[in-house]
Every structure is written in structure tokens, then in C-alpha cells.
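> One file is attached below, final-v2.pdb, containing PDB, C-alpha atoms.
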ATOM      1  CA  MET A   1      13.518  16.533 -15.803
ATOM      2  CA  ALA A   2      12.077  14.496 -18.682
ATOM      3  CA  VAL A   3      13.512  11.053 -19.401
ATOM      4  CA  GLN A   4      14.694   9.298 -22.556
ATOM      5  CA  ALA A   5      11.825   7.819 -24.588
ATOM      6  CA  GLU A   6      13.957   4.745 -25.310
ATOM      7  CA  SER A   7      13.912   3.791 -21.640
ATOM      8  CA  LEU A   8      10.101   3.452 -21.697
ATOM      9  CA  LYS A   9      10.049   0.657 -24.273
ATOM     10  CA  SER A  10      10.594  -2.117 -21.736
ATOM     11  CA  VAL A  11       7.780  -0.879 -19.478
ATOM     12  CA  PRO A  12       4.557  -2.903 -19.953
ATOM     13  CA  TYR A  13       2.452   0.268 -19.635
ATOM     14  CA  PHE A  14       3.992   1.628 -22.817
ATOM     15  CA  SER A  15       4.414  -1.469 -24.971
ATOM     16  CA  GLY A  16       3.202  -1.261 -28.559
ATOM     17  CA  LEU A  17       3.505   2.517 -28.761
ATOM     18  CA  SER A  18       5.272   4.323 -31.595
ATOM     19  CA  ASP A  19       8.500   6.197 -31.022
ATOM     20  CA  SER A  20       6.771   9.536 -31.489
ATOM     21  CA  VAL A  21       4.158   8.688 -28.847
ATOM     22  CA  LEU A  22       6.873   7.522 -26.455
ATOM     23  CA  VAL A  23       8.661  10.836 -26.941
ATOM     24  CA  SER A  24       5.453  12.687 -26.040
ATOM     25  CA  ILE A  25       4.878  10.555 -22.952
ATOM     26  CA  SER A  26       8.508  10.791 -21.853
ATOM     27  CA  LYS A  27       8.089  14.536 -21.436
ATOM     28  CA  LEU A  28       5.602  13.864 -18.626
ATOM     29  CA  ILE A  29       7.820  11.390 -16.794
ATOM     30  CA  PHE A  30      10.386  12.443 -14.215
ATOM     31  CA  GLU A  31      13.358  10.638 -12.773
ATOM     32  CA  LYS A  32      13.800  10.022  -9.058
ATOM     33  CA  LYS A  33      16.813   8.496  -7.343
ATOM     34  CA  ALA A  34      16.910   7.043  -3.852
ATOM     35  CA  GLU A  35      19.416   5.335  -1.588
ATOM     36  CA  ARG A  36      19.114   2.129   0.409
ATOM     37  CA  GLY A  37      16.493   2.330   3.116
ATOM     38  CA  GLU A  38      14.815   5.437   1.746
ATOM     39  CA  ILE A  39      11.020   5.265   1.930
ATOM     40  CA  LEU A  40       9.473   6.086  -1.433
ATOM     41  CA  ILE A  41       5.799   6.045  -0.540
ATOM     42  CA  PHE A  42       4.103   5.887   2.842
ATOM     43  CA  GLU A  43       1.067   3.766   3.633
ATOM     44  CA  GLY A  44      -2.044   5.882   4.142
ATOM     45  CA  GLU A  45      -0.852   8.935   2.256
ATOM     46  CA  PRO A  46      -2.666  10.120  -0.892
ATOM     47  CA  ALA A  47      -1.459   8.234  -3.968
ATOM     48  CA  GLU A  48      -0.145  10.899  -6.299
ATOM     49  CA  VAL A  49       2.514   9.191  -8.408
ATOM     50  CA  LEU A  50       2.828   5.931 -10.342
ATOM     51  CA  TYR A  51       6.412   4.654 -10.216
ATOM     52  CA  PHE A  52       8.394   2.416 -12.568
ATOM     53  CA  VAL A  53      11.636   0.862 -11.379
ATOM     54  CA  VAL A  54      14.477   1.547 -13.803
ATOM     55  CA  ALA A  55      17.399   0.224 -11.740
ATOM     56  CA  GLY A  56      17.697  -1.473  -8.361
ATOM     57  CA  VAL A  57      15.026  -3.190  -6.302
ATOM     58  CA  VAL A  58      12.071  -1.793  -4.340
ATOM     59  CA  LYS A  59      10.250  -3.611  -1.575
ATOM     60  CA  VAL A  60       6.543  -3.138  -1.004
ATOM     61  CA  PHE A  61       5.725  -3.708   2.628
ATOM     62  CA  LYS A  62       3.493  -3.103   5.595
ATOM     63  CA  THR A  63       4.579  -2.539   9.157
ATOM     64  CA  SER A  64       2.599  -4.302  11.867
ATOM     65  CA  ALA A  65       1.452  -2.663  15.087
ATOM     66  CA  ASP A  66       4.474  -4.094  16.919
ATOM     67  CA  GLY A  67       6.852  -2.633  14.351
ATOM     68  CA  LYS A  68       7.584  -5.778  12.344
ATOM     69  CA  GLU A  69       7.992  -5.294   8.630
ATOM     70  CA  GLN A  70       6.336  -7.725   6.266
ATOM     71  CA  ILE A  71       7.417  -7.693   2.638
ATOM     72  CA  TYR A  72       4.522  -8.236   0.246
ATOM     73  CA  HIS A  73       6.240  -7.895  -3.072
ATOM     74  CA  ILE A  74       9.603  -7.233  -4.674
ATOM     75  CA  ILE A  75       9.617  -4.785  -7.594
ATOM     76  CA  ARG A  76      12.403  -5.264 -10.124
ATOM     77  CA  PRO A  77      13.442  -3.135 -13.130
ATOM     78  CA  GLY A  78      10.649  -2.774 -15.698
ATOM     79  CA  GLU A  79       7.921  -3.276 -13.095
ATOM     80  CA  SER A  80       5.664  -0.658 -11.529
ATOM     81  CA  PHE A  81       4.210  -0.012  -8.104
ATOM     82  CA  ASN A  82       1.436   2.101  -6.620
ATOM     83  CA  ASP A  83      -0.751   1.461  -9.698
ATOM     84  CA  VAL A  84      -3.985   0.551  -7.965
ATOM     85  CA  PRO A  85      -4.381   3.502  -5.567
ATOM     86  CA  VAL A  86      -3.254   5.964  -8.236
ATOM     87  CA  LEU A  87      -5.917   4.677 -10.616
ATOM     88  CA  SER A  88      -8.613   4.330  -7.969
ATOM     89  CA  GLY A  89      -7.967   7.721  -6.452
ATOM     90  CA  GLY A  90      -7.335   6.283  -3.024
ATOM     91  CA  VAL A  91      -4.439   6.355  -0.603
ATOM     92  CA  ASN A  92      -1.270   4.244  -0.674
ATOM     93  CA  MET A  93      -2.262   0.797   0.568
ATOM     94  CA  VAL A  94       1.328  -0.109   1.433
ATOM     95  CA  SER A  95       4.691   1.528   1.906
ATOM     96  CA  ALA A  96       7.581   1.107  -0.513
ATOM     97  CA  GLY A  97      11.286   1.424   0.186
ATOM     98  CA  ALA A  98      14.554   1.218  -1.712
ATOM     99  CA  MET A  99      16.453  -2.020  -0.982
ATOM    100  CA  GLY A 100      19.603  -0.482  -2.439
ATOM    101  CA  ALA A 101      20.363   2.473  -4.666
ATOM    102  CA  VAL A 102      17.411   2.777  -7.032
ATOM    103  CA  VAL A 103      16.417   4.823 -10.048
ATOM    104  CA  LEU A 104      12.701   5.347 -10.629
ATOM    105  CA  HIS A 105      10.549   6.928 -13.274
ATOM    106  CA  GLY A 106       7.490   8.703 -11.930
ATOM    107  CA  LEU A 107       4.254   9.682 -13.644
ATOM    108  CA  LYS A 108       1.868  11.932 -11.767
ATOM    109  CA  LYS A 109      -1.746  10.847 -11.432
ATOM    110  CA  LYS A 110      -3.092  13.700 -13.562
ATOM    111  CA  ASP A 111      -0.504  13.065 -16.266
ATOM    112  CA  LEU A 112      -1.323   9.356 -16.291
ATOM    113  CA  GLU A 113      -4.975  10.222 -16.839
ATOM    114  CA  THR A 114      -3.989  12.502 -19.712
ATOM    115  CA  VAL A 115      -1.922   9.745 -21.327
ATOM    116  CA  ILE A 116      -4.721   7.192 -20.939
ATOM    117  CA  LYS A 117      -7.265   9.515 -22.527
ATOM    118  CA  GLU A 118      -4.978  10.395 -25.411
ATOM    119  CA  TYR A 119      -3.579   6.956 -26.277
ATOM    120  CA  PRO A 120      -6.062   4.016 -26.217
ATOM    121  CA  GLN A 121      -3.210   1.487 -26.420
ATOM    122  CA  VAL A 122      -2.108   2.625 -22.957
ATOM    123  CA  SER A 123      -5.603   1.823 -21.632
ATOM    124  CA  LEU A 124      -5.273  -1.729 -22.940
ATOM    125  CA  ASN A 125      -1.817  -2.008 -21.406
ATOM    126  CA  VAL A 126      -3.103  -0.752 -18.045
ATOM    127  CA  ILE A 127      -5.900  -3.331 -18.153
ATOM    128  CA  GLN A 128      -3.351  -6.079 -18.796
ATOM    129  CA  VAL A 129      -1.114  -4.899 -15.952
ATOM    130  CA  LEU A 130      -4.046  -4.725 -13.551
ATOM    131  CA  SER A 131      -5.368  -8.103 -14.708
ATOM    132  CA  ARG A 132      -2.035  -9.695 -13.855
ATOM    133  CA  ARG A 133      -2.171  -7.958 -10.488
ATOM    134  CA  VAL A 134      -5.638  -9.456  -9.882
ATOM    135  CA  GLU A 135      -4.296 -12.904 -10.771
ATOM    136  CA  GLU A 136      -1.500 -12.472  -8.223
ATOM    137  CA  LEU A 137      -3.959 -11.346  -5.576
ATOM    138  CA  VAL A 138      -6.314 -14.252  -6.250
ATOM    139  CA  ALA A 139      -3.368 -16.610  -5.785
ATOM    140  CA  MET A 140      -2.538 -14.847  -2.529
ATOM    141  CA  VAL A 141      -6.142 -15.080  -1.311
ATOM    142  CA  GLU A 142      -6.074 -18.775  -2.157
ATOM    143  CA  ASP A 143      -2.934 -19.124  -0.038
ATOM    144  CA  PHE A 144      -4.566 -17.383   2.892
ATOM    145  CA  SER A 145      -7.929 -19.096   2.592
ATOM    146  CA  PHE A 146      -7.230 -22.680   1.726
ATOM    147  CA  ARG A 147      -3.628 -23.580   2.041
ATOM    148  CA  HIS A 148      -2.657 -22.210   5.452
ATOM    149  CA  VAL A 149       0.872 -21.433   4.385
ATOM    150  CA  THR A 150       2.249 -21.126   7.899
ATOM    151  CA  GLY A 151       0.929 -24.583   8.731
ATOM    152  CA  ARG A 152       2.544 -26.068   5.644
ATOM    153  CA  VAL A 153       5.851 -24.369   6.391
ATOM    154  CA  ALA A 154       5.631 -25.808   9.908
ATOM    155  CA  LYS A 155       5.016 -29.251   8.433
ATOM    156  CA  ILE A 156       8.034 -28.978   6.146
ATOM    157  CA  LEU A 157      10.254 -27.909   9.042
ATOM    158  CA  LEU A 158       9.143 -30.951  11.035
ATOM    159  CA  GLU A 159       9.658 -33.267   8.066
ATOM    160  CA  TYR A 160      13.115 -31.962   7.260
ATOM    161  CA  ALA A 161      14.465 -31.416  10.752
ATOM    162  CA  GLY A 162      17.644 -33.312  11.426
ATOM    163  CA  ASP A 163      17.602 -35.963  14.105
ATOM    164  CA  GLY A 164      21.065 -35.125  15.338
ATOM    165  CA  THR A 165      22.786 -37.892  13.423
ATOM    166  CA  GLY A 166      24.552 -37.690  10.087
ATOM    167  CA  GLU A 167      24.328 -34.789   7.709
ATOM    168  CA  ARG A 168      21.452 -32.458   8.434
ATOM    169  CA  PRO A 169      19.166 -31.519   5.552
ATOM    170  CA  ARG A 170      19.203 -27.933   4.349
ATOM    171  CA  LEU A 171      16.495 -25.984   2.583
ATOM    172  CA  THR A 172      16.286 -22.503   1.107
ATOM    173  CA  GLN A 173      13.166 -20.376   1.496
ATOM    174  CA  GLN A 174      12.861 -20.592  -2.297
ATOM    175  CA  GLU A 175      12.766 -24.394  -2.086
ATOM    176  CA  MET A 176      10.193 -24.310   0.702
ATOM    177  CA  ALA A 177       8.035 -21.990  -1.404
ATOM    178  CA  ALA A 178       8.289 -24.333  -4.379
ATOM    179  CA  MET A 179       7.374 -27.332  -2.228
ATOM    180  CA  ILE A 180       4.298 -25.570  -0.864
ATOM    181  CA  GLY A 181       3.336 -23.908  -4.125
ATOM    182  CA  THR A 182       3.440 -20.374  -2.786
ATOM    183  CA  ALA A 183       5.472 -17.199  -3.199
ATOM    184  CA  ARG A 184       8.833 -16.994  -1.455
ATOM    185  CA  GLU A 185       7.672 -13.855   0.357
ATOM    186  CA  MET A 186       4.930 -15.937   1.999
ATOM    187  CA  VAL A 187       7.516 -18.353   3.381
ATOM    188  CA  GLY A 188       9.498 -15.487   4.892
ATOM    189  CA  ARG A 189       6.369 -14.172   6.569
ATOM    190  CA  SER A 190       5.428 -17.613   7.836
ATOM    191  CA  LEU A 191       8.867 -18.106   9.383
ATOM    192  CA  LYS A 192       8.506 -14.732  11.118
ATOM    193  CA  ASN A 193       5.084 -15.786  12.396
ATOM    194  CA  LEU A 194       6.452 -19.069  13.724
ATOM    195  CA  GLU A 195       9.332 -17.261  15.389
ATOM    196  CA  GLY A 196       6.887 -14.769  16.916
ATOM    197  CA  GLU A 197       4.885 -17.664  18.345
ATOM    198  CA  GLY A 198       8.030 -19.140  19.883
ATOM    199  CA  ALA A 199       7.913 -22.339  17.839
ATOM    200  CA  ILE A 200      11.234 -21.699  16.095
ATOM    201  CA  ARG A 201      14.288 -19.467  16.408
ATOM    202  CA  MET A 202      16.212 -18.111  13.428
ATOM    203  CA  GLU A 203      19.980 -18.066  13.886
ATOM    204  CA  ARG A 204      21.791 -16.881  10.768
ATOM    205  CA  ASN A 205      21.663 -19.953   8.499
ATOM    206  CA  ARG A 206      19.905 -22.210  10.973
ATOM    207  CA  ILE A 207      16.247 -22.672  11.798
ATOM    208  CA  ILE A 208      16.024 -24.111  15.275
ATOM    209  CA  ILE A 209      12.819 -25.794  16.350
ATOM    210  CA  THR A 210      12.425 -24.653  19.934
ATOM    211  CA  ASP A 211       8.905 -25.942  20.594
ATOM    212  CA  GLN A 212       8.073 -29.079  18.647
ATOM    213  CA  LYS A 213       4.638 -29.388  20.226
ATOM    214  CA  ALA A 214       3.649 -25.856  19.198
ATOM    215  CA  LEU A 215       5.007 -26.432  15.697
ATOM    216  CA  LYS A 216       3.010 -29.644  15.364
ATOM    217  CA  GLU A 217      -0.130 -27.823  16.437
ATOM    218  CA  VAL A 218       0.412 -25.162  13.763
ATOM    219  CA  ALA A 219       1.073 -27.936  11.225
ATOM    220  CA  GLY A 220      -2.171 -29.654  12.200
ATOM    221  CA  ILE A 221      -0.364 -32.772  13.377
ATOM    222  CA  VAL A 222      -1.924 -34.136  16.532
TER     223      VAL A 222
ATOM    224  CA  MET B   1      35.186 -18.205   7.603
ATOM    225  CA  GLY B   2      31.405 -18.562   7.948
ATOM    226  CA  GLU B   3      29.181 -20.183   5.398
ATOM    227  CA  MET B   4      28.145 -17.885   2.584
ATOM    228  CA  PRO B   5      25.272 -17.837   0.086
ATOM    229  CA  LEU B   6      25.743 -20.201  -2.837
ATOM    230  CA  ILE B   7      26.049 -18.788  -6.323
ATOM    231  CA  ASP B   8      25.242 -20.642  -9.517
ATOM    232  CA  ARG B   9      27.328 -18.718 -12.024
ATOM    233  CA  ASP B  10      25.695 -20.564 -14.929
ATOM    234  CA  LYS B  11      22.317 -19.105 -13.973
ATOM    235  CA  CYS B  12      23.640 -15.640 -13.074
ATOM    236  CA  GLN B  13      22.921 -13.037 -15.743
ATOM    237  CA  GLY B  14      25.020 -10.368 -14.052
ATOM    238  CA  CYS B  15      22.075  -8.015 -13.491
ATOM    239  CA  GLY B  16      23.563  -6.862 -10.170
ATOM    240  CA  LEU B  17      20.266  -6.662  -8.255
ATOM    241  CA  CYS B  18      21.739  -8.818  -5.473
ATOM    242  CA  VAL B  19      24.744  -6.511  -5.228
ATOM    243  CA  SER B  20      22.445  -3.511  -4.913
ATOM    244  CA  VAL B  21      20.553  -4.965  -1.932
ATOM    245  CA  CYS B  22      23.483  -6.550  -0.076
ATOM    246  CA  ALA B  23      24.048  -4.456   3.036
ATOM    247  CA  CYS B  24      27.438  -5.936   3.894
ATOM    248  CA  GLY B  25      29.154  -5.624   0.534
ATOM    249  CA  ALA B  26      29.697  -9.372   0.257
ATOM    250  CA  LEU B  27      28.764  -9.560  -3.402
ATOM    251  CA  VAL B  28      30.437  -8.124  -6.474
ATOM    252  CA  ILE B  29      30.072  -8.563 -10.208
ATOM    253  CA  GLU B  30      33.139 -10.162 -11.786
ATOM    254  CA  ASP B  31      33.297 -11.307 -15.408
ATOM    255  CA  SER B  32      29.557 -10.718 -15.887
ATOM    256  CA  ALA B  33      28.539 -12.881 -12.927
ATOM    257  CA  VAL B  34      28.311 -12.349  -9.203
ATOM    258  CA  SER B  35      31.022 -13.478  -6.801
ATOM    259  CA  ILE B  36      31.515 -13.465  -3.047
ATOM    260  CA  VAL B  37      34.266 -11.099  -1.957
ATOM    261  CA  ASP B  38      33.809 -10.563   1.762
ATOM    262  CA  VAL B  39      32.800 -13.340   4.110
ATOM    263  CA  ASP B  40      32.928 -11.645   7.507
ATOM    264  CA  GLU B  41      29.825  -9.462   7.666
ATOM    265  CA  CYS B  42      27.092 -11.587   6.078
ATOM    266  CA  GLN B  43      24.108 -11.906   8.445
ATOM    267  CA  TRP B  44      22.189 -14.319   6.179
ATOM    268  CA  CYS B  45      19.435 -11.800   5.531
ATOM    269  CA  THR B  46      18.662 -13.767   2.315
ATOM    270  CA  LEU B  47      17.720 -10.609   0.428
ATOM    271  CA  CYS B  48      20.123 -11.589  -2.376
ATOM    272  CA  GLU B  49      18.203 -14.834  -2.865
ATOM    273  CA  LEU B  50      14.892 -12.980  -2.630
ATOM    274  CA  VAL B  51      15.639 -10.434  -5.363
ATOM    275  CA  CYS B  52      17.488 -12.690  -7.826
ATOM    276  CA  PRO B  53      15.239 -13.096 -10.883
ATOM    277  CA  ASN B  54      17.135 -16.186 -12.065
ATOM    278  CA  ASP B  55      17.346 -18.319  -8.904
ATOM    279  CA  ALA B  56      21.107 -18.023  -9.151
ATOM    280  CA  ILE B  57      21.671 -17.445  -5.426
ATOM    281  CA  SER B  58      20.601 -19.732  -2.634
ATOM    282  CA  CYS B  59      20.794 -19.282   1.105
ATOM    283  CA  PRO B  60      20.048 -22.705   2.569
ATOM    284  CA  PHE B  61      19.011 -23.137   6.184
ATOM    285  CA  GLU B  62      19.959 -26.042   8.350
ATOM    286  CA  ILE B  63      16.824 -27.196  10.158
ATOM    287  CA  ILE B  64      17.443 -28.646  13.584
ATOM    288  CA  VAL B  65      15.525 -29.467  16.723
ATOM    289  CA  GLU B  66      16.886 -27.592  19.716
ATOM    290  CA  ASN B  67      17.641 -30.731  21.724
ATOM    291  CA  ASP B  68      19.746 -32.090  18.846
ATOM    292  CA  GLN B  69      22.184 -29.193  18.874
ATOM    293  CA  ALA B  70      24.519 -30.715  21.392
TER     294      ALA B  70
END
Could I get this file's structure written as C-alpha cells?


Amino acid sequence: MAVQAESLKSVPYFSGLSDSVLVSISKLIFEKKAERGEILIFEGEPAEVLYFVVAGVVKVFKTSADGKEQIYHIIRPGESFNDVPVLSGGVNMVSAGAMGAVVLHGLKKKDLETVIKEYPQVSLNVIQVLSRRVEELVAMVEDFSFRHVTGRVAKILLEYAGDGTGERPRLTQQEMAAMIGTAREMVGRSLKNLEGEGAIRMERNRIIITDQKALKEVAGIV
Amino acid sequence: MGEMPLIDRDKCQGCGLCVSVCACGALVIEDSAVSIVDVDECQWCTLCELVCPNDAISCPFEIIVENDQA
């Protein structure tokens, strides 16, 4: 089923296009709905469709060998996912799942290629989208290479841990991310890593330092 | 009543993304902003904070050393 051309205007891929062009493109786009927990694309499968989120939130994630899920990115309305493998002709590099009820617009790989060939503005838009993606990835590589996010999270936990007297300090993952200068998703992954190593235990709204020595080692404090 | 996520209604734009990801139904849109309606089931998954594009929800953690709990 084709979608309304109007709904494409807020999508970066189609910015700057005339109404008549949007109408033409909208005929190639189909709507897909999914419920919470539904997997939309599977890691390792051929990348056939580029998706735009219209409503709801999609998580892009990988599952480790021991079954733990690590969220890499949150896709909100107006944003796309699966761009890179669709354009490169590869397989899905990650999985994506609906975090609640979601509405997606899908554009098949062959139709995307048709649109790009026919409308040069779309090519420029794709380059801009991919350039932003590269910027995000460079920032992520910087996190991994130089900043040792898990170590800095460990350091913050040690600095902010209550000493058992008075009011104990409280921090959100968002605040920790801002203090470190990283994405919030990275903090969540670091906390999972620290829990996996036995340095901390997560209990609802409490982070309990169970092994101070191990945490100090991760933080680089000798 | 357990502690619940904190909502800054001045920042909330009423987009409803947090409501869509909340597995326990603890969030609802009222008067164009999100409110807490059910306090029993929240497991502090922090997904509402994660997806909020306006930093309107916060799920703060108390950080404690195990020996200090008692």
C-alpha cells in the first residue's frame, strides 16, 4: 500500500523535493506496523529494505554470544535505519526491534536505487545522511579507542558513591554520559560490562558497588 | 509506593515515545504532557529516559558501596 506524500516531507532523505516528486516516490514506499518486541530486521540477513520510523521507537542492537543484548542506537520518528547495508549491498550489520507499537515506511533496495538515479537531490540527501552517520561512528571509535568509557563510568561510580552517612548522591545514566562526554547508550553498555565483571550489581534504582577493588582497577586507580 | 521516574513537564513535548516503550503502563499523556499513573510495576528499565528526545524524564540511580547498605 502506498503512503501519503505529505508524510515524507519530514524525512531527511526526501527534503527539498517538490510535491509532485514526493507523490511519485510515495508510490514506491510501503507501510509496515509492528508491536512491542517484534524483530524488524535480523543481523546477518540480506539487507533488502530501508526503513523510516513514522511513529514509535526502534532499537538497533546486537546480541552477544551469551545472549546479552546491547543497544547501539535508538531510532525515533523521522529517522532511518538499515541505510548502510542497503546501499552497500551487504547484509544487516545489526538487528532492529520495536520498543513499542511502531509504524514504519519501507523502501526496497531496488526502488531506492531507482529514486536515486531519477532525482539527484535524493543523492545529495543520502550523502548528508551517511556523512552524519560517519560522524557518529567516528565519535564512537574515539570513545572506544581513547576514552575507555567503561573505565570512566567506573571512576564516576567511585567518586559519587555514598559513604553511608547523610543523603546519598544520585545520578542518571544521562548525567553520567554528559559527564564523560559520550552517548547514553555507551553508559548503559558500560554498566552491563561492570555488572558482568562482578564489580557492581544493579538493583532497580540502585547501583551497588560489590567489588571496590575490581572497580578501581577498571577505573585505572591503583 | 516505590520511587518512580521523574518528569519535567516543562520540557515534555507530549510526543508519547516514552509511553510507547513503557512495558508496565506507568506513563500516560495528560494535558499534552506525560504523567505517572501506575507506580506498582515499574522495574526501572530506564527506557523512558533513553528514548525521550527532550531530556524530560530522568531515572536517577543511588550509588552505594555494598558495605554501606546496612

> Please write as a compact mmCIF listing (two decimals) with C-alpha atoms, keeping the file's coordinate frame the list of polymer residues whose atoms come within 12 Å of (3.3, -4.8, 11.5), counting all atoms listed in the file and keeping to the coordinates of the file.


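Result saved to result22.txt:
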# COMPACT_ATOMS: atom_id res chain seq x y z
CA GLU A 43 1.07 3.77 3.63
CA PHE A 61 5.72 -3.71 2.63
CA LYS A 62 3.49 -3.10 5.60
CA THR A 63 4.58 -2.54 9.16
CA SER A 64 2.60 -4.30 11.87
CA ALA A 65 1.45 -2.66 15.09
CA ASP A 66 4.47 -4.09 16.92
CA GLY A 67 6.85 -2.63 14.35
CA LYS A 68 7.58 -5.78 12.34
CA GLU A 69 7.99 -5.29 8.63
CA GLN A 70 6.34 -7.72 6.27
CA ILE A 71 7.42 -7.69 2.64
CA TYR A 72 4.52 -8.24 0.25
CA VAL A 94 1.33 -0.11 1.43
CA SER A 95 4.69 1.53 1.91
CA ARG A 189 6.37 -14.17 6.57
CA LYS A 192 8.51 -14.73 11.12
CA ASN A 193 5.08 -15.79 12.40
CA GLY A 196 6.89 -14.77 16.92

> Give me the residues near Val115 of chain A as a list in words, where near means some atom within 12 Å (using all atoms listed in the file) and where sequence neighbours in that chain fewer than 5 positions away do not count.

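Skipping anything fewer than 5 positions along the chain leaves Tyr13, Phe14, Leu17, Val21, Leu22, Ser24, Ile25, Ser26, Lys27, Leu28, Ile29, Leu107, Lys108, Lys109, Lys110, Pro120, Gln121, Val122, Ser123, Asn125 and Val126 of chain A.
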
> Env of segment 21-26 of chain B: 7 Å cut, atoms = all atoms listed in the file, seq-sep filter 6 positions within chain, self excluded. Answer as a list in words.

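My reading of the contact set: Met99 and Gly100 of chain A; Ile36, Val37, Asp38, Val39, Glu41, Cys42, Leu47 and Cys48 of chain B.
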
> Near Arg76 of chain A, within 12 Å and counting all atoms listed in the file, which residues show up once chain neighbours fewer than 6 positions away are dropped, as JSON, numbers by chain?

{"A": [11, 51, 52, 53, 54, 55, 56, 57, 58, 59, 60, 98, 99, 100, 102, 103, 104], "B": [15, 16, 17, 18, 20, 21, 50, 51, 52, 53]}

> Take the residues from that selection and put them in a file with C-alpha atoms, as a PDB file, in the coordinates of the input.


ATOM      1  CA  VAL A  11       7.780  -0.879 -19.478  1.00  0.00           C
ATOM      2  CA  TYR A  51       6.412   4.654 -10.216  1.00  0.00           C
ATOM      3  CA  PHE A  52       8.394   2.416 -12.568  1.00  0.00           C
ATOM      4  CA  VAL A  53      11.636   0.862 -11.379  1.00  0.00           C
ATOM      5  CA  VAL A  54      14.477   1.547 -13.803  1.00  0.00           C
ATOM      6  CA  ALA A  55      17.399   0.224 -11.740  1.00  0.00           C
ATOM      7  CA  GLY A  56      17.697  -1.473  -8.361  1.00  0.00           C
ATOM      8  CA  VAL A  57      15.026  -3.190  -6.302  1.00  0.00           C
ATOM      9  CA  VAL A  58      12.071  -1.793  -4.340  1.00  0.00           C
ATOM     10  CA  LYS A  59      10.250  -3.611  -1.575  1.00  0.00           C
ATOM     11  CA  VAL A  60       6.543  -3.138  -1.004  1.00  0.00           C
ATOM     12  CA  ALA A  98      14.554   1.218  -1.712  1.00  0.00           C
ATOM     13  CA  MET A  99      16.453  -2.020  -0.982  1.00  0.00           C
ATOM     14  CA  GLY A 100      19.603  -0.482  -2.439  1.00  0.00           C
ATOM     15  CA  VAL A 102      17.411   2.777  -7.032  1.00  0.00           C
ATOM     16  CA  VAL A 103      16.417   4.823 -10.048  1.00  0.00           C
ATOM     17  CA  LEU A 104      12.701   5.347 -10.629  1.00  0.00           C
TER      18      LEU A 104
ATOM     19  CA  CYS B  15      22.075  -8.015 -13.491  1.00  0.00           C
ATOM     20  CA  GLY B  16      23.563  -6.862 -10.170  1.00  0.00           C
ATOM     21  CA  LEU B  17      20.266  -6.662  -8.255  1.00  0.00           C
ATOM     22  CA  CYS B  18      21.739  -8.818  -5.473  1.00  0.00           C
ATOM     23  CA  SER B  20      22.445  -3.511  -4.913  1.00  0.00           C
ATOM     24  CA  VAL B  21      20.553  -4.965  -1.932  1.00  0.00           C
ATOM     25  CA  LEU B  50      14.892 -12.980  -2.630  1.00  0.00           C
ATOM     26  CA  VAL B  51      15.639 -10.434  -5.363  1.00  0.00           C
ATOM     27  CA  CYS B  52      17.488 -12.690  -7.826  1.00  0.00           C
ATOM     28  CA  PRO B  53      15.239 -13.096 -10.883  1.00  0.00           C
TER      29      PRO B  53
END

> Assuming the chain letters and numbering stay as they are in my file, what does the ChimeraX specification (/B :<7) & /A actually select? List them as a VMD selection string.

chain A and resid 56 to 57 74 99 to 101 157 160 to 164 168 to 172 204 to 210

> As a check of understanding, name the residues that the PyMOL selection byres ((chain A and resi 85-93) around 7) selects in the supplied structure, as a PyMOL selection string.

chain A and resi 42-50+82-84+94+109

> Restrict the selected residues to C-alpha atoms and save them as a PDB file, in the frame of the given file.


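Contents of part-v3.pdb, freshly written:
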ATOM      1  CA  PHE A  42       4.103   5.887   2.842  1.00  0.00           C
ATOM      2  CA  GLU A  43       1.067   3.766   3.633  1.00  0.00           C
ATOM      3  CA  GLY A  44      -2.044   5.882   4.142  1.00  0.00           C
ATOM      4  CA  GLU A  45      -0.852   8.935   2.256  1.00  0.00           C
ATOM      5  CA  PRO A  46      -2.666  10.120  -0.892  1.00  0.00           C
ATOM      6  CA  ALA A  47      -1.459   8.234  -3.968  1.00  0.00           C
ATOM      7  CA  GLU A  48      -0.145  10.899  -6.299  1.00  0.00           C
ATOM      8  CA  VAL A  49       2.514   9.191  -8.408  1.00  0.00           C
ATOM      9  CA  LEU A  50       2.828   5.931 -10.342  1.00  0.00           C
ATOM     10  CA  ASN A  82       1.436   2.101  -6.620  1.00  0.00           C
ATOM     11  CA  ASP A  83      -0.751   1.461  -9.698  1.00  0.00           C
ATOM     12  CA  VAL A  84      -3.985   0.551  -7.965  1.00  0.00           C
ATOM     13  CA  VAL A  94       1.328  -0.109   1.433  1.00  0.00           C
ATOM     14  CA  LYS A 109      -1.746  10.847 -11.432  1.00  0.00           C
TER      15      LYS A 109
END

> Taking the file as shown, find all residues satisfying the PyMOL selection byres ((chain B and resi 14) around 8) and write them as a list in words.

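Going through the file, the PyMOL selection byres ((chain B and resi 14) around 8) ends up selecting Cys12, Gln13, Cys15, Gly16, Ile29, Ser32, Ala33 and Val34 of chain B.
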
> Compute the distance from (15.0, 6.7, -31.4) to each atom, counting only C-alpha atoms, keep the residues with any atom at most 12 Å away, and return them as a PyMOL selection string; use the coordinates of the file.

chain A and resi 4-9+18-23

> Those residues with C-alpha atoms, as a CSV table (one decimal), in the frame of the given file please?


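Printed below is again_24.csv as written:
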chain,number,residue,atom,x,y,z
A,4,GLN,CA,14.7,9.3,-22.6
A,5,ALA,CA,11.8,7.8,-24.6
A,6,GLU,CA,14.0,4.7,-25.3
A,7,SER,CA,13.9,3.8,-21.6
A,8,LEU,CA,10.1,3.5,-21.7
A,9,LYS,CA,10.0,0.7,-24.3
A,18,SER,CA,5.3,4.3,-31.6
A,19,ASP,CA,8.5,6.2,-31.0
A,20,SER,CA,6.8,9.5,-31.5
A,21,VAL,CA,4.2,8.7,-28.8
A,22,LEU,CA,6.9,7.5,-26.5
A,23,VAL,CA,8.7,10.8,-26.9

> Can you measure atom CA of Val149 of chain A to atom CA of Ser190 of chain A for me? One decimal in Å is fine.

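Between atom CA of Val149 of chain A and atom CA of Ser190 of chain A the gap is 6.9 Å.
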
> Record the distance separating atom CA of Leu40 of chain A and atom CA of Gly97 of chain A, expressed in Å with one decimal.

5.3 Å

> List the spatial neighbours of Val187 of chain A as a ChimeraX atom specification - criterion: any atom at most 9 Å away, all atoms listed in the file, same-chain residues fewer than 2 positions off excluded.

/A:149-150,153,173-174,176-177,180,182-185,189-192

> Please compute the atom CA of Gln128 of chain A-atom CA of Pro12 of chain A distance, one decimal, in Å.

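Computed distance, atom CA of Gln128 of chain A to atom CA of Pro12 of chain A, equals 8.6 Å.
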
> Would you mind listing what lies within 8 Å of Leu158 of chain A as a list in words, with all atoms listed in the file counted and same-chain residues fewer than 2 positions away left out?

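Once the adjacent positions are removed, what remains is Ala154, Lys155, Ile156, Tyr160, Ala161, Gln212, Leu215 and Lys216 of chain A.
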